[in-house]
Amino acid sequence: QQRLYPMVVSTRDKEGVVSAEAHVLLQLLQGIDTATSVLPPNALNVAFDDEVVELGRVDVGPASSSETDRAAEPGPEKCPALIAATRAPALSKALTRLGLVLDVDECADLLRRYADERGELGRFEFSVVVDAARRLEIPAKLVDTTLVATDGRTVAVAPFQALALALRYGAGLAVDNCLFATGDALDADDALATFPLLRTVEDLRFDGAVLAAHSQR
C-alpha cells in the first residue's frame with residue numbers, strides 16, 4: 001500500500017498557507033518561480049558556494065541527530081518591556097520584508113532579548129534576530145535533506161530549501177525507504193483525515209493551469 005511521509009517546512013501553516021516557504025512551494029508546483037527572498041535566484045550557488053553547479057538529485061533520510069541547531073543565546077534582557085512593545089510593529093514589518101511573518105508579541109520578545117536599553121538593534125544584533133526569527137519557523141529536525149550535484153558534491157540544507165530547489169531544477173527526490181516505516185508515515189487512505197487540506201501535485205498543477213488560462217483572457 002502507498003505510504004506518505006510528511007515533511008514540515010514551517011510551523012505556521014496549521015490551518016492554511018501562511019508562511020513564505022509554503023507560498024513558494026505552491027508556486028513552484030504550479031510552474032511559477034518568482035525568486036523571492038526565501039529562495040533567491042542564486043540559492044543553489046550559495047548552498048554549494050560555487051557559481052558553477054548543477055543539481056542532480058535531493059536525498060531525504062532520517063535525521064542523523066535528534067538535536068536541532070540552536071540560535072546564539074542572548075545575554076540578560078536589556079530592553080524594557082514597554083519600549084520593546086512600542087518598537088515591535090516596526091520590527092515585524094522589517095522581518096516581513098525578509099519573508100518572516102512574526103506577530104508583534106513575538107517581535108517584542110526578540111527585542112527584549114537582543115535589543116539595547118533604547119530598543120535599538122545594531123547590525124550584528126539584527127542579524128541574530130533574523131536568525132532567531134527563522135528558527136521560530138523551523139520545526140524539530142525529523143529528516144536530513146541533502147543536495148547532490150551532478151559531479152557528486154553534497155551539501156546539507158533545510159527541508160524547504162531542498163524541496164524548493166528540487167522543484168526549481170526538476171531534480172528527483174531519493175527518499176530512504178526506512179522513513180515510510182516510522183510512526184510519522186501515513187497510509188495514503190489516512191492522509192486526508194490527518195491533513196484535511198491535502199492536495200496532490202496533480203491537483204495543484206491543474207489549479208495553476210486554470211489560473212493561467214483565466215489570466216490570459
# chains A, B, ... in the order shown; residues from 1 in each chain; ligands from 1
>>> select_by_dssp(residues="stretch 51-156 of chain A", states="alpha helix (DSSP H)", output="PyMOL selection string")
chain A and resi 81-97+104-114+123-136
>>> residues_around(residues="A:Ile32", least_positions_apart="5", cutoff="12 Å", atoms="only C-alpha atoms", output="PyMOL selection string")
chain A and resi 23-27+164+167-168+204-205+208-209+211-212
>>> residues_around(residues="A:Leu179", least_positions_apart="3", cutoff="9 Å", atoms="only C-alpha atoms", output="mmCIF file with all heavy atoms, in the first residue's frame")
data_model
loop_
_atom_site.group_PDB
_atom_site.id
_atom_site.type_symbol
_atom_site.label_atom_id
_atom_site.label_comp_id
_atom_site.auth_asym_id
_atom_site.auth_seq_id
_atom_site.Cartn_x
_atom_site.Cartn_y
_atom_site.Cartn_z
ATOM 1 N N TYR A 5 5.032 10.370 3.603
ATOM 2 C CA TYR A 5 5.819 10.884 4.728
ATOM 3 C C TYR A 5 5.757 12.406 4.703
ATOM 4 O O TYR A 5 6.201 13.039 3.737
ATOM 5 C CB TYR A 5 7.275 10.433 4.659
ATOM 6 C CG TYR A 5 8.051 10.795 5.907
ATOM 7 C CD1 TYR A 5 8.066 9.936 6.991
ATOM 8 C CD2 TYR A 5 8.719 12.007 6.011
ATOM 9 C CE1 TYR A 5 8.738 10.265 8.156
ATOM 10 C CE2 TYR A 5 9.394 12.345 7.157
ATOM 11 C CZ TYR A 5 9.399 11.475 8.242
ATOM 12 O OH TYR A 5 10.056 11.810 9.384
ATOM 13 N N VAL A 60 16.783 12.334 0.835
ATOM 14 C CA VAL A 60 15.990 12.546 2.047
ATOM 15 C C VAL A 60 16.100 11.293 2.904
ATOM 16 O O VAL A 60 15.791 10.185 2.445
ATOM 17 C CB VAL A 60 14.509 12.816 1.721
ATOM 18 C CG1 VAL A 60 13.723 13.080 3.002
ATOM 19 C CG2 VAL A 60 14.372 13.983 0.752
ATOM 20 N N GLY A 61 16.557 11.462 4.135
ATOM 21 C CA GLY A 61 16.713 10.322 5.035
ATOM 22 C C GLY A 61 16.420 10.709 6.464
ATOM 23 O O GLY A 61 16.160 11.884 6.766
ATOM 24 N N PRO A 62 16.450 9.756 7.373
ATOM 25 C CA PRO A 62 16.189 10.058 8.787
ATOM 26 C C PRO A 62 17.250 10.991 9.347
ATOM 27 O O PRO A 62 18.403 10.963 8.927
ATOM 28 C CB PRO A 62 16.231 8.682 9.457
ATOM 29 C CG PRO A 62 17.036 7.832 8.536
ATOM 30 C CD PRO A 62 16.761 8.328 7.152
ATOM 31 N N VAL A 143 14.147 14.945 9.497
ATOM 32 C CA VAL A 143 14.829 14.331 8.353
ATOM 33 C C VAL A 143 16.087 15.111 8.029
ATOM 34 O O VAL A 143 16.227 16.285 8.380
ATOM 35 C CB VAL A 143 13.920 14.298 7.098
ATOM 36 C CG1 VAL A 143 12.712 13.411 7.331
ATOM 37 C CG2 VAL A 143 13.487 15.700 6.694
ATOM 38 N N VAL A 175 14.311 9.148 -1.591
ATOM 39 C CA VAL A 175 13.838 9.054 -0.210
ATOM 40 C C VAL A 175 14.192 7.692 0.367
ATOM 41 O O VAL A 175 13.896 6.651 -0.246
ATOM 42 C CB VAL A 175 12.315 9.270 -0.138
ATOM 43 C CG1 VAL A 175 11.838 9.248 1.317
ATOM 44 C CG2 VAL A 175 11.932 10.598 -0.788
ATOM 45 N N ASP A 176 14.823 7.708 1.531
ATOM 46 C CA ASP A 176 15.185 6.466 2.216
ATOM 47 C C ASP A 176 13.904 5.728 2.609
ATOM 48 O O ASP A 176 13.039 6.280 3.294
ATOM 49 C CB ASP A 176 16.011 6.791 3.461
ATOM 50 C CG ASP A 176 16.661 5.559 4.068
ATOM 51 O OD1 ASP A 176 16.034 4.477 4.033
ATOM 52 O OD2 ASP A 176 17.783 5.679 4.596
ATOM 53 N N THR A 182 8.361 4.474 9.722
ATOM 54 C CA THR A 182 8.324 5.169 11.005
ATOM 55 C C THR A 182 6.891 5.532 11.384
ATOM 56 O O THR A 182 5.970 5.467 10.567
ATOM 57 C CB THR A 182 9.162 6.459 10.953
ATOM 58 O OG1 THR A 182 8.537 7.384 10.048
ATOM 59 C CG2 THR A 182 10.585 6.166 10.485
ATOM 60 N N GLY A 183 6.721 5.949 12.625
ATOM 61 C CA GLY A 183 5.399 6.335 13.104
ATOM 62 C C GLY A 183 4.878 7.611 12.485
ATOM 63 O O GLY A 183 3.668 7.899 12.558
ATOM 64 N N ASP A 184 5.761 8.403 11.863
ATOM 65 C CA ASP A 184 5.318 9.649 11.225
ATOM 66 C C ASP A 184 4.720 9.407 9.845
ATOM 67 O O ASP A 184 4.014 10.263 9.317
ATOM 68 C CB ASP A 184 6.498 10.625 11.086
ATOM 69 C CG ASP A 184 7.012 11.083 12.431
ATOM 70 O OD1 ASP A 184 6.178 11.453 13.283
ATOM 71 O OD2 ASP A 184 8.244 11.083 12.634
ATOM 72 N N ALA A 185 4.997 8.252 9.243
ATOM 73 C CA ALA A 185 4.464 7.954 7.919
ATOM 74 C C ALA A 185 2.982 7.602 8.003
ATOM 75 O O ALA A 185 2.474 7.178 9.045
ATOM 76 C CB ALA A 185 5.248 6.811 7.290
#
>>> closest_residue(among="A:Gln2, A:Asn177, A:Asn45, A:Gln30", to="A:Asp207", atoms="only C-alpha atoms")
A:Gln30
>>> closest_atom_pairs(of="stretch 87-183 of chain A", to="stretch 6-22 of chain A", cutoff="12 Å", atoms="only C-alpha atoms", output="tab-separated table")
residue	atom	partner	partner_atom	distance
A:Leu95	CA	A:Ala20	CA	11.5
A:Thr96	CA	A:Ala20	CA	9.2
A:Arg97	CA	A:Ala20	CA	10.4
A:Leu98	CA	A:Ala20	CA	9.3
A:Gly99	CA	A:Ala20	CA	5.5
A:Leu100	CA	A:Ala20	CA	7.0
A:Val101	CA	A:Ser19	CA	6.8
A:Leu102	CA	A:Arg12	CA	9.6
A:Asp103	CA	A:Arg12	CA	11.4
A:Ala133	CA	A:Ser10	CA	11.8
A:Arg134	CA	A:Ser10	CA	9.4
A:Arg135	CA	A:Ser10	CA	9.5
A:Leu136	CA	A:Thr11	CA	8.0
A:Glu137	CA	A:Ser10	CA	5.1
A:Ile138	CA	A:Ser10	CA	5.5
A:Pro139	CA	A:Thr11	CA	5.8
A:Ala140	CA	A:Val8	CA	8.9
A:Lys141	CA	A:Val8	CA	9.2
A:Leu142	CA	A:Met7	CA	8.1
A:Val143	CA	A:Met7	CA	7.9
A:Asp144	CA	A:Met7	CA	10.5
A:Thr145	CA	A:Met7	CA	10.2
A:Val157	CA	A:Val9	CA	11.7
A:Ala158	CA	A:Val9	CA	8.1
A:Pro159	CA	A:Val9	CA	6.0
A:Phe160	CA	A:Val9	CA	5.0
A:Gln161	CA	A:Val9	CA	8.7
A:Ala162	CA	A:Val9	CA	9.9
A:Leu163	CA	A:Val9	CA	9.1
A:Ala164	CA	A:Glu21	CA	8.6
A:Leu165	CA	A:Glu21	CA	12.0
A:Val175	CA	A:Met7	CA	11.5
A:Leu179	CA	A:Pro6	CA	9.9
A:Phe180	CA	A:Pro6	CA	9.9
A:Thr182	CA	A:Pro6	CA	11.2
A:Gly183	CA	A:Pro6	CA	11.0
>>> write_last_selection(atoms="N, CA and C atoms", output="compact mmCIF listing (two decimals), in the first residue's frame")
# COMPACT_ATOMS: atom_id res chain seq x y z
N LEU A 95 10.89 42.33 9.30
CA LEU A 95 11.04 40.88 9.12
C LEU A 95 10.13 40.36 8.01
N THR A 96 8.94 40.97 7.89
CA THR A 96 8.02 40.56 6.84
C THR A 96 8.65 40.78 5.46
N ARG A 97 9.38 41.88 5.32
CA ARG A 97 10.05 42.14 4.03
C ARG A 97 11.10 41.09 3.72
N LEU A 98 11.56 40.37 4.74
CA LEU A 98 12.53 39.30 4.55
C LEU A 98 11.85 37.93 4.43
N GLY A 99 10.50 37.95 4.36
CA GLY A 99 9.76 36.70 4.24
C GLY A 99 9.49 36.00 5.54
N LEU A 100 9.67 36.70 6.69
CA LEU A 100 9.45 36.12 8.00
C LEU A 100 8.22 36.77 8.63
N VAL A 101 7.19 36.01 8.86
CA VAL A 101 5.93 36.56 9.39
C VAL A 101 5.84 36.25 10.87
N LEU A 102 6.16 37.25 11.70
CA LEU A 102 6.05 37.14 13.15
C LEU A 102 5.10 38.20 13.66
N ASP A 103 4.31 37.85 14.68
CA ASP A 103 3.39 38.84 15.22
C ASP A 103 4.14 39.77 16.17
N ALA A 133 14.47 34.56 14.38
CA ALA A 133 13.13 34.56 13.79
C ALA A 133 12.95 33.39 12.84
N ARG A 134 13.97 33.11 12.05
CA ARG A 134 13.87 31.97 11.13
C ARG A 134 13.71 30.67 11.91
N ARG A 135 14.40 30.55 13.03
CA ARG A 135 14.33 29.32 13.81
C ARG A 135 12.97 29.15 14.48
N LEU A 136 12.26 30.24 14.70
CA LEU A 136 10.90 30.12 15.23
C LEU A 136 9.99 29.40 14.25
N GLU A 137 10.33 29.45 12.96
CA GLU A 137 9.51 28.82 11.93
C GLU A 137 10.00 27.43 11.55
N ILE A 138 11.14 27.02 12.10
CA ILE A 138 11.71 25.72 11.72
C ILE A 138 11.25 24.66 12.71
N PRO A 139 10.60 23.61 12.28
CA PRO A 139 10.16 22.55 13.18
C PRO A 139 11.33 21.69 13.64
N ALA A 140 11.05 20.82 14.59
CA ALA A 140 12.08 19.89 15.06
C ALA A 140 12.61 19.09 13.87
N LYS A 141 13.89 18.84 13.91
CA LYS A 141 14.53 18.16 12.78
C LYS A 141 14.15 16.68 12.76
N LEU A 142 13.37 16.28 11.74
CA LEU A 142 12.93 14.90 11.59
C LEU A 142 13.65 14.18 10.47
N VAL A 143 14.15 14.94 9.50
CA VAL A 143 14.83 14.33 8.35
C VAL A 143 16.09 15.11 8.03
N ASP A 144 17.01 14.42 7.37
CA ASP A 144 18.17 15.08 6.77
C ASP A 144 17.89 15.23 5.29
N THR A 145 18.07 16.43 4.76
CA THR A 145 17.89 16.67 3.33
C THR A 145 19.20 17.17 2.75
N VAL A 157 21.05 20.86 3.57
CA VAL A 157 20.25 22.08 3.64
C VAL A 157 18.95 21.77 4.38
N ALA A 158 18.19 22.82 4.69
CA ALA A 158 16.90 22.66 5.35
C ALA A 158 15.89 22.02 4.39
N PRO A 159 14.88 21.34 4.92
CA PRO A 159 13.88 20.68 4.06
C PRO A 159 13.24 21.61 3.04
N PHE A 160 12.90 22.84 3.45
CA PHE A 160 12.28 23.76 2.50
C PHE A 160 13.19 24.01 1.31
N GLN A 161 14.45 24.33 1.59
CA GLN A 161 15.38 24.63 0.51
C GLN A 161 15.58 23.42 -0.40
N ALA A 162 15.64 22.23 0.20
CA ALA A 162 15.83 21.02 -0.59
C ALA A 162 14.65 20.79 -1.54
N LEU A 163 13.43 20.89 -1.02
CA LEU A 163 12.25 20.67 -1.85
C LEU A 163 12.11 21.75 -2.92
N ALA A 164 12.35 22.99 -2.51
CA ALA A 164 12.20 24.10 -3.46
C ALA A 164 13.20 24.00 -4.60
N LEU A 165 14.44 23.69 -4.29
CA LEU A 165 15.45 23.58 -5.35
C LEU A 165 15.19 22.36 -6.24
N VAL A 175 14.31 9.15 -1.59
CA VAL A 175 13.84 9.05 -0.21
C VAL A 175 14.19 7.69 0.37
N LEU A 179 12.06 5.67 6.13
CA LEU A 179 11.16 6.72 6.63
C LEU A 179 9.71 6.27 6.59
N PHE A 180 9.36 5.46 5.61
CA PHE A 180 7.98 5.04 5.46
C PHE A 180 7.57 3.99 6.48
N THR A 182 8.36 4.47 9.72
CA THR A 182 8.32 5.17 11.01
C THR A 182 6.89 5.53 11.38
N GLY A 183 6.72 5.95 12.63
CA GLY A 183 5.40 6.34 13.10
C GLY A 183 4.88 7.61 12.48
>>> atom_distance(atom1="atom CA of A:Thr146", atom2="atom CA of A:Val52")
17.9 Å
>>> closest_residue(among="A:Val130, A:Ala35, A:Leu4, A:Leu55", to="A:Arg153", atoms="only C-alpha atoms")
A:Leu55
>>> closest_residue(among="A:Ala191, A:Cys178, A:Asp105, A:Ser215", to="A:Ala63", atoms="only C-alpha atoms")
A:Cys178
>>> select_by_dssp(residues="stretch 12-217 of chain A", states="strand (DSSP E or B)", output="list in words")
Leu55, Gly56, Arg57, Val58, Asp59, Val60, Gly61, Pro62, Val143, Asp144, Thr145, Thr146, Leu147, Val148, Ala149, Thr154, Val155, Ala156, Val157, Gly172, Leu173, Ala174, Val175, Leu186 and Asp187 of chain A
>>> closest_residue(among="A:Cys79, A:Ala213, A:Asp116, A:Asp50", to="A:Val155", atoms="only C-alpha atoms")
A:Asp50
>>> closest_residue(among="A:Ala156, A:Leu111, A:Leu29, A:Val210", to="A:Ala132", atoms="only C-alpha atoms")
A:Leu111
